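J.: My structure file data.pdb, PDB, C-alpha atoms, is below:
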```
MODEL        1
ATOM      1  CA  MET A 207       0.000   0.000   0.000
ATOM      2  CA  ALA A 208       2.814   2.367   0.798
ATOM      3  CA  SER A 209       4.628   1.644  -2.462
ATOM      4  CA  THR A 210       5.416   4.629  -4.649
ATOM      5  CA  ASP A 211       6.278   2.528  -7.707
ATOM      6  CA  PRO A 212       4.536   3.711 -10.878
ATOM      7  CA  LEU A 213       1.559   1.722 -12.055
ATOM      8  CA  PRO A 214       2.294  -0.716 -14.854
ATOM      9  CA  THR A 215       0.810  -0.336 -18.307
ATOM     10  CA  ILE A 216      -1.596  -3.223 -18.904
ATOM     11  CA  ALA A 217      -2.560  -4.306 -22.416
ATOM     12  CA  LEU A 218      -6.266  -5.094 -22.770
ATOM     13  CA  GLY A 219      -5.970  -7.504 -25.675
ATOM     14  CA  LEU A 220      -7.828  -5.134 -28.007
ATOM     15  CA  PRO A 221      -5.901  -3.228 -30.695
ATOM     16  CA  GLY A 222      -4.781   0.145 -29.369
ATOM     17  CA  TRP A 223      -6.260  -0.270 -25.871
ATOM     18  CA  CYS A 224      -4.455  -0.343 -22.532
ATOM     19  CA  LEU A 225      -4.578   0.749 -18.916
ATOM     20  CA  ARG A 226      -1.817   3.191 -18.045
ATOM     21  CA  ALA A 227      -0.875   5.764 -15.458
ATOM     22  CA  TRP A 228      -2.525   9.175 -15.664
ATOM     23  CA  ARG A 229      -0.456  11.924 -17.300
ATOM     24  CA  VAL A 230      -0.583  15.695 -16.980
ATOM     25  CA  GLY A 231      -1.433  15.996 -20.668
ATOM     26  CA  ASP A 232      -4.567  13.847 -20.226
ATOM     27  CA  ALA A 233      -6.644  16.707 -18.806
ATOM     28  CA  PRO A 234      -8.344  17.888 -22.039
ATOM     29  CA  SER A 235      -9.312  14.360 -23.065
ATOM     30  CA  LEU A 236     -10.485  13.503 -19.565
ATOM     31  CA  SER A 237     -12.695  16.572 -19.428
ATOM     32  CA  LYS A 238     -14.141  15.816 -22.877
ATOM     33  CA  HIS A 239     -15.122  12.236 -22.081
ATOM     34  CA  ALA A 240     -16.113  12.683 -18.417
ATOM     35  CA  ASP A 241     -18.273  15.752 -19.019
ATOM     36  CA  ASN A 242     -21.214  13.672 -20.205
ATOM     37  CA  VAL A 243     -24.462  13.274 -18.299
ATOM     38  CA  ASN A 244     -24.791   9.680 -19.538
ATOM     39  CA  VAL A 245     -21.485   8.865 -17.856
ATOM     40  CA  TRP A 246     -22.116  10.967 -14.751
ATOM     41  CA  ARG A 247     -25.543   9.462 -13.972
ATOM     42  CA  TRP A 248     -23.983   6.106 -13.004
ATOM     43  CA  MET A 249     -21.016   7.505 -11.112
ATOM     44  CA  SER A 250     -20.458   8.163  -7.442
ATOM     45  CA  ASP A 251     -21.821  11.478  -6.208
ATOM     46  CA  ARG A 252     -18.201  12.576  -5.854
ATOM     47  CA  PHE A 253     -17.776  12.469  -9.638
ATOM     48  CA  PRO A 254     -18.262  16.121 -10.712
ATOM     49  CA  HIS A 255     -20.716  17.459 -13.243
ATOM     50  CA  PRO A 256     -19.941  19.493 -15.200
ATOM     51  CA  TYR A 257     -16.480  17.956 -15.432
ATOM     52  CA  THR A 258     -14.453  21.056 -16.236
ATOM     53  CA  LEU A 259     -10.926  21.299 -17.571
ATOM     54  CA  GLN A 260      -9.835  22.660 -14.190
ATOM     55  CA  ILE A 261     -11.251  19.603 -12.412
ATOM     56  CA  ALA A 262      -9.565  17.325 -14.953
ATOM     57  CA  GLU A 263      -6.230  19.085 -14.429
ATOM     58  CA  TYR A 264      -6.502  18.468 -10.690
ATOM     59  CA  TRP A 265      -7.313  14.781 -11.197
ATOM     60  CA  VAL A 266      -4.385  14.051 -13.513
ATOM     61  CA  THR A 267      -1.880  15.934 -11.342
ATOM     62  CA  ARG A 268      -2.968  15.218  -7.749
ATOM     63  CA  GLY A 269      -6.531  13.965  -7.590
ATOM     64  CA  HIS A 270      -5.854  10.352  -8.536
ATOM     65  CA  ILE A 271      -3.192  10.250  -5.813
ATOM     66  CA  ASP A 272      -5.137  12.104  -3.124
ATOM     67  CA  PHE A 273      -8.153   9.895  -3.805
ATOM     68  CA  GLY A 274      -6.077   6.885  -2.832
ATOM     69  CA  GLY A 275      -5.640   3.546  -4.509
ATOM     70  CA  ASP A 276      -4.437   2.288  -7.825
ATOM     71  CA  ASN A 277      -6.112   4.411 -10.501
ATOM     72  CA  TRP A 278      -5.464   3.942 -14.210
ATOM     73  CA  ALA A 279      -6.478   5.818 -17.307
ATOM     74  CA  ILE A 280      -8.229   3.641 -19.882
ATOM     75  CA  ALA A 281      -6.419   4.697 -23.045
ATOM     76  CA  PHE A 282      -7.092   4.231 -26.741
ATOM     77  CA  GLY A 283      -3.946   5.008 -28.643
ATOM     78  CA  ASP A 284      -2.503   7.841 -26.616
ATOM     79  CA  GLU A 285      -5.868   9.293 -25.562
ATOM     80  CA  ALA A 286      -7.317   8.786 -22.074
ATOM     81  CA  VAL A 287     -11.006   7.984 -22.627
ATOM     82  CA  GLY A 288     -11.985   6.500 -19.266
ATOM     83  CA  GLY A 289     -10.714   5.421 -15.898
ATOM     84  CA  CYS A 290     -10.663   2.495 -13.500
ATOM     85  CA  GLY A 291      -9.298   1.641 -10.111
ATOM     86  CA  ILE A 292      -8.994  -0.806  -7.259
ATOM     87  CA  HIS A 293      -9.241  -0.228  -3.517
ATOM     88  CA  ARG A 294      -7.980  -2.595  -0.868
ATOM     89  CA  GLU A 295      -9.967  -2.262   2.333
ATOM     90  CA  ASP A 296      -8.306  -2.225   5.735
ATOM     91  CA  GLY A 297      -8.601  -3.586   9.240
ATOM     92  CA  PRO A 298     -10.704  -6.766   9.526
ATOM     93  CA  PHE A 299     -11.906  -6.217   5.938
ATOM     94  CA  ARG A 300      -8.423  -6.147   4.401
ATOM     95  CA  CYS A 301      -9.079  -9.376   2.493
ATOM     96  CA  ASN A 302     -11.530  -7.381   0.333
ATOM     97  CA  ALA A 303     -10.889  -5.075  -2.599
ATOM     98  CA  GLU A 304     -13.361  -2.858  -4.454
ATOM     99  CA  VAL A 305     -13.131  -2.191  -8.171
ATOM    100  CA  GLY A 306     -14.701   0.466 -10.359
ATOM    101  CA  TRP A 307     -14.577   1.688 -13.936
ATOM    102  CA  TRP A 308     -16.017   4.232 -16.358
ATOM    103  CA  LEU A 309     -15.646   4.777 -20.096
ATOM    104  CA  GLY A 310     -16.430   7.558 -22.540
ATOM    105  CA  GLU A 311     -19.795   6.965 -24.196
ATOM    106  CA  GLN A 312     -18.491   6.778 -27.747
ATOM    107  CA  HIS A 313     -16.571   3.621 -26.794
ATOM    108  CA  TRP A 314     -19.428   1.743 -25.134
ATOM    109  CA  GLY A 315     -20.406  -1.643 -26.522
ATOM    110  CA  GLN A 316     -16.921  -2.644 -27.714
ATOM    111  CA  GLY A 317     -15.956  -4.900 -24.816
ATOM    112  CA  VAL A 318     -13.456  -2.415 -23.414
ATOM    113  CA  ALA A 319     -14.957  -2.099 -19.933
ATOM    114  CA  THR A 320     -15.153  -5.898 -19.701
ATOM    115  CA  ARG A 321     -11.430  -6.172 -20.468
ATOM    116  CA  ALA A 322     -10.592  -3.365 -18.022
ATOM    117  CA  ALA A 323     -12.554  -5.051 -15.241
ATOM    118  CA  ALA A 324     -10.794  -8.346 -16.002
ATOM    119  CA  ALA A 325      -7.429  -6.624 -15.642
ATOM    120  CA  LEU A 326      -8.473  -5.223 -12.267
ATOM    121  CA  VAL A 327      -9.569  -8.661 -11.066
ATOM    122  CA  GLU A 328      -6.280 -10.210 -12.151
ATOM    123  CA  ARG A 329      -4.386  -7.413 -10.434
ATOM    124  CA  GLY A 330      -6.378  -7.846  -7.236
ATOM    125  CA  PHE A 331      -6.046 -11.602  -6.965
ATOM    126  CA  ALA A 332      -2.310 -11.411  -7.681
ATOM    127  CA  ASP A 333      -2.174 -10.411  -4.018
ATOM    128  CA  LEU A 334      -2.761 -13.712  -2.222
ATOM    129  CA  THR A 335      -4.181 -11.910   0.809
ATOM    130  CA  ILE A 336      -7.183 -10.727  -1.241
ATOM    131  CA  THR A 337      -9.998 -13.276  -1.104
ATOM    132  CA  ARG A 338     -12.952 -11.200  -2.349
ATOM    133  CA  ILE A 339     -13.301  -8.474  -4.969
ATOM    134  CA  HIS A 340     -16.542  -6.551  -5.092
ATOM    135  CA  ALA A 341     -18.212  -3.972  -7.293
ATOM    136  CA  PRO A 342     -21.088  -1.822  -5.972
ATOM    137  CA  ILE A 343     -23.221  -0.714  -8.923
ATOM    138  CA  HIS A 344     -26.098   1.755  -8.979
ATOM    139  CA  ALA A 345     -29.381  -0.124  -9.347
ATOM    140  CA  GLY A 346     -30.485   0.048 -12.973
ATOM    141  CA  ASN A 347     -26.979   0.159 -14.441
ATOM    142  CA  GLN A 348     -27.430  -2.881 -16.662
ATOM    143  CA  ARG A 349     -24.267  -2.231 -18.665
ATOM    144  CA  SER A 350     -22.008  -2.473 -15.631
ATOM    145  CA  ALA A 351     -23.960  -5.422 -14.278
ATOM    146  CA  ARG A 352     -23.184  -7.279 -17.511
ATOM    147  CA  VAL A 353     -19.513  -6.292 -17.266
ATOM    148  CA  ALA A 354     -19.380  -7.721 -13.743
ATOM    149  CA  GLU A 355     -21.176 -10.934 -14.720
ATOM    150  CA  ARG A 356     -18.886 -11.499 -17.715
ATOM    151  CA  ASN A 357     -15.989 -11.374 -15.262
ATOM    152  CA  GLY A 358     -17.363 -14.021 -12.944
ATOM    153  CA  PHE A 359     -18.989 -11.743 -10.395
ATOM    154  CA  VAL A 360     -22.250 -12.840  -8.822
ATOM    155  CA  LEU A 361     -24.990 -10.632  -7.453
ATOM    156  CA  GLU A 362     -24.596 -10.824  -3.688
ATOM    157  CA  GLY A 363     -27.620  -8.689  -3.003
ATOM    158  CA  VAL A 364     -29.317  -5.316  -3.146
ATOM    159  CA  GLN A 365     -28.486  -2.539  -0.687
ATOM    160  CA  PRO A 366     -31.711  -0.519  -0.482
ATOM    161  CA  GLN A 367     -31.414   3.231   0.056
ATOM    162  CA  SER A 368     -27.651   2.929   0.476
ATOM    163  CA  ALA A 369     -26.296   5.894  -1.510
ATOM    164  CA  ILE A 370     -27.148   9.426  -2.577
ATOM    165  CA  LYS A 371     -26.971  10.467  -6.209
ATOM    166  CA  ASP A 372     -27.922  13.949  -7.396
ATOM    167  CA  GLY A 373     -29.804  14.590  -4.165
ATOM    168  CA  GLN A 374     -31.795  11.353  -4.359
ATOM    169  CA  VAL A 375     -31.408   8.237  -2.209
ATOM    170  CA  ILE A 376     -30.799   5.213  -4.441
ATOM    171  CA  ASP A 377     -30.356   1.448  -4.170
ATOM    172  CA  ARG A 378     -27.142  -0.324  -5.102
ATOM    173  CA  TRP A 379     -26.438  -3.784  -6.459
ATOM    174  CA  VAL A 380     -23.398  -5.466  -4.913
ATOM    175  CA  TYR A 381     -21.492  -7.918  -7.093
ATOM    176  CA  GLY A 382     -18.704 -10.118  -5.729
ATOM    177  CA  ARG A 383     -16.103 -12.524  -6.979
ATOM    178  CA  TYR A 384     -14.056 -14.808  -4.736
ATOM    179  CA  ARG A 385     -10.688 -16.498  -4.679
ATOM    180  CA  ASP A 386     -11.159 -20.234  -5.194
ATOM    181  CA  ASN A 387      -8.664 -21.152  -2.480
ATOM    182  CA  PRO A 388      -8.451 -18.380   0.127
ATOM    183  CA  GLN A 389      -4.940 -18.009   1.514
ATOM    184  CA  LEU A 390      -5.486 -16.979   5.112
ATOM    185  CA  ALA A 391      -1.984 -17.556   6.419
ATOM    186  CA  PRO A 392      -0.241 -14.686   4.582
ATOM    187  CA  LEU A 393      -2.741 -12.036   5.752
ATOM    188  CA  ALA A 394      -0.773  -8.966   6.732
ATOM    189  CA  SER A 395      -1.597  -6.475   9.410
ATOM    190  CA  PRO A 396      -3.480  -3.358   8.235
ATOM    191  CA  GLU A 397      -0.245  -1.383   8.443
ATOM    192  CA  GLY A 398       1.985  -4.053   6.993
ATOM    193  CA  SER A 399       0.264  -5.099   3.804
ATOM    194  CA  SER A 400       2.643  -5.335   0.865
ATOM    195  CA  GLY A 401      -0.024  -4.854  -1.826
ATOM    196  CA  ARG A 402      -0.509  -1.519  -3.559
ATOM    197  CA  LEU A 403      -4.254  -1.590  -3.526
ATOM    198  CA  GLY A 404      -6.143   1.515  -2.524
ATOM    199  CA  ARG A 405      -9.372   3.378  -3.161
ATOM    200  CA  PRO A 406     -10.769   3.150  -6.684
ATOM    201  CA  GLY A 407     -10.774   6.281  -8.736
ATOM    202  CA  ALA A 408     -13.713   5.225 -10.772
ATOM    203  CA  GLY A 409     -16.769   5.166  -8.577
ATOM    204  CA  PRO A 410     -19.857   3.281  -9.764
ATOM    205  CA  ARG A 411     -19.581   2.123 -13.291
ATOM    206  CA  THR A 412     -20.576   2.721 -16.881
TER     207      THR A 412
ENDMDL
END
```
For this file, produce the structure as structure tokens.
T.:
Amino acid sequence: MASTDPLPTIALGLPGWCLRAWRVGDAPSLSKHADNVNVWRWMSDRFPHPYTLQIAEYWVTRGHIDFGGDNWAIAFGDEAVGGCGIHREDGPFRCNAEVGWWLGEQHWGQGVATRAAAALVERGFADLTITRIHAPIHAGNQRSARVAERNGFVLEGVQPQSAIKDGQVIDRWVYGRYRDNPQLAPLASPEGSSGRLGRPGAGPRT
């Protein structure tokens, strides 16, 4: 968790697509793709709207670090067109990690979010102390539900009235995926975990 090593670039197995670290020059593209009500409606209430260039500049310079966790840009060619992240929980819940993703609307329906989520799952379970990866999704977000299901997540249940979005209380669907053979012995203390998993920079998903 305390590691300052740069995030690796992860190929998604689709021509031109990868996950990579955020760059200062990504701000204009981030603002363009994030400033979309069809993206925003399924995101955490912390995801701004409108998503201005100034907000994007903060995210690519400090925001993705201050937010915590491992947060990648989803890139097509050299353009950042979405984001995803993974968050390792702490204390007695440190065997859990939360994942999240979003993608610019013009790239929906191409299997990109499914590949990004798969990369997050692989990254999470590479840490043998992680036994469960979960994805809370706003109720009604069928696209992200399908992404989760294609990656082996199962619907654990509905959390009624569990979040606020645009001033309204909403339900959330919680999807989970589990390690086949939980490794309990290596579990580190909350302070001593060697994994670099932190809060996801994506929020609920598109």
J.: Any chance you could work out the residue set of the PyMOL selection byres ((chain A and resi 243-255) around 10) here, as a VMD selection string?
T.: chain A and resid 239 to 242 256 to 258 261 to 262 288 306 to 311 343 to 347 350 369 to 373 407 to 412
J.: So, with only C-alpha atoms as the atoms that count, which of A:His313, A:Arg329, A:His270, A:Arg383 lies closest to A:Ala341?
T.: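 Distance minimum relative to A:Ala341 lands on A:Arg383.
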J.: Please write the residues picked by the PyMOL selection byres ((chain A and resi 278) around 8) on this file as a ChimeraX atom specification.
T.: /A:213,225-228,276-277,279-280,289-291,407
J.: Could you jot down the atom CA of A:Gly222 to atom CA of A:Gly382 separation for me, Å, one decimal place?
T.: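 Separation of atom CA of A:Gly222 and atom CA of A:Gly382: 29.3 Å.
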J.: List the residues selected by the PyMOL selection byres ((chain A and resi 233) around 9) in the file shown, writing them as a list of chain:residue names.
T.: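 Evaluating the PyMOL selection byres ((chain A and resi 233) around 9) on this file yields A:Arg229, A:Val230, A:Gly231, A:Asp232, A:Pro234, A:Ser235, A:Leu236, A:Ser237, A:Lys238, A:Leu259, A:Gln260, A:Ile261, A:Ala262, A:Glu263, A:Tyr264, A:Trp265, A:Val266, A:Thr267, A:Ala286.
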J.: Restricting the calculation to only C-alpha atoms: of A:Arg352, A:Arg268, A:Arg378, A:Arg385, which residue gets closest to A:Gly317?
T.: A:Arg352
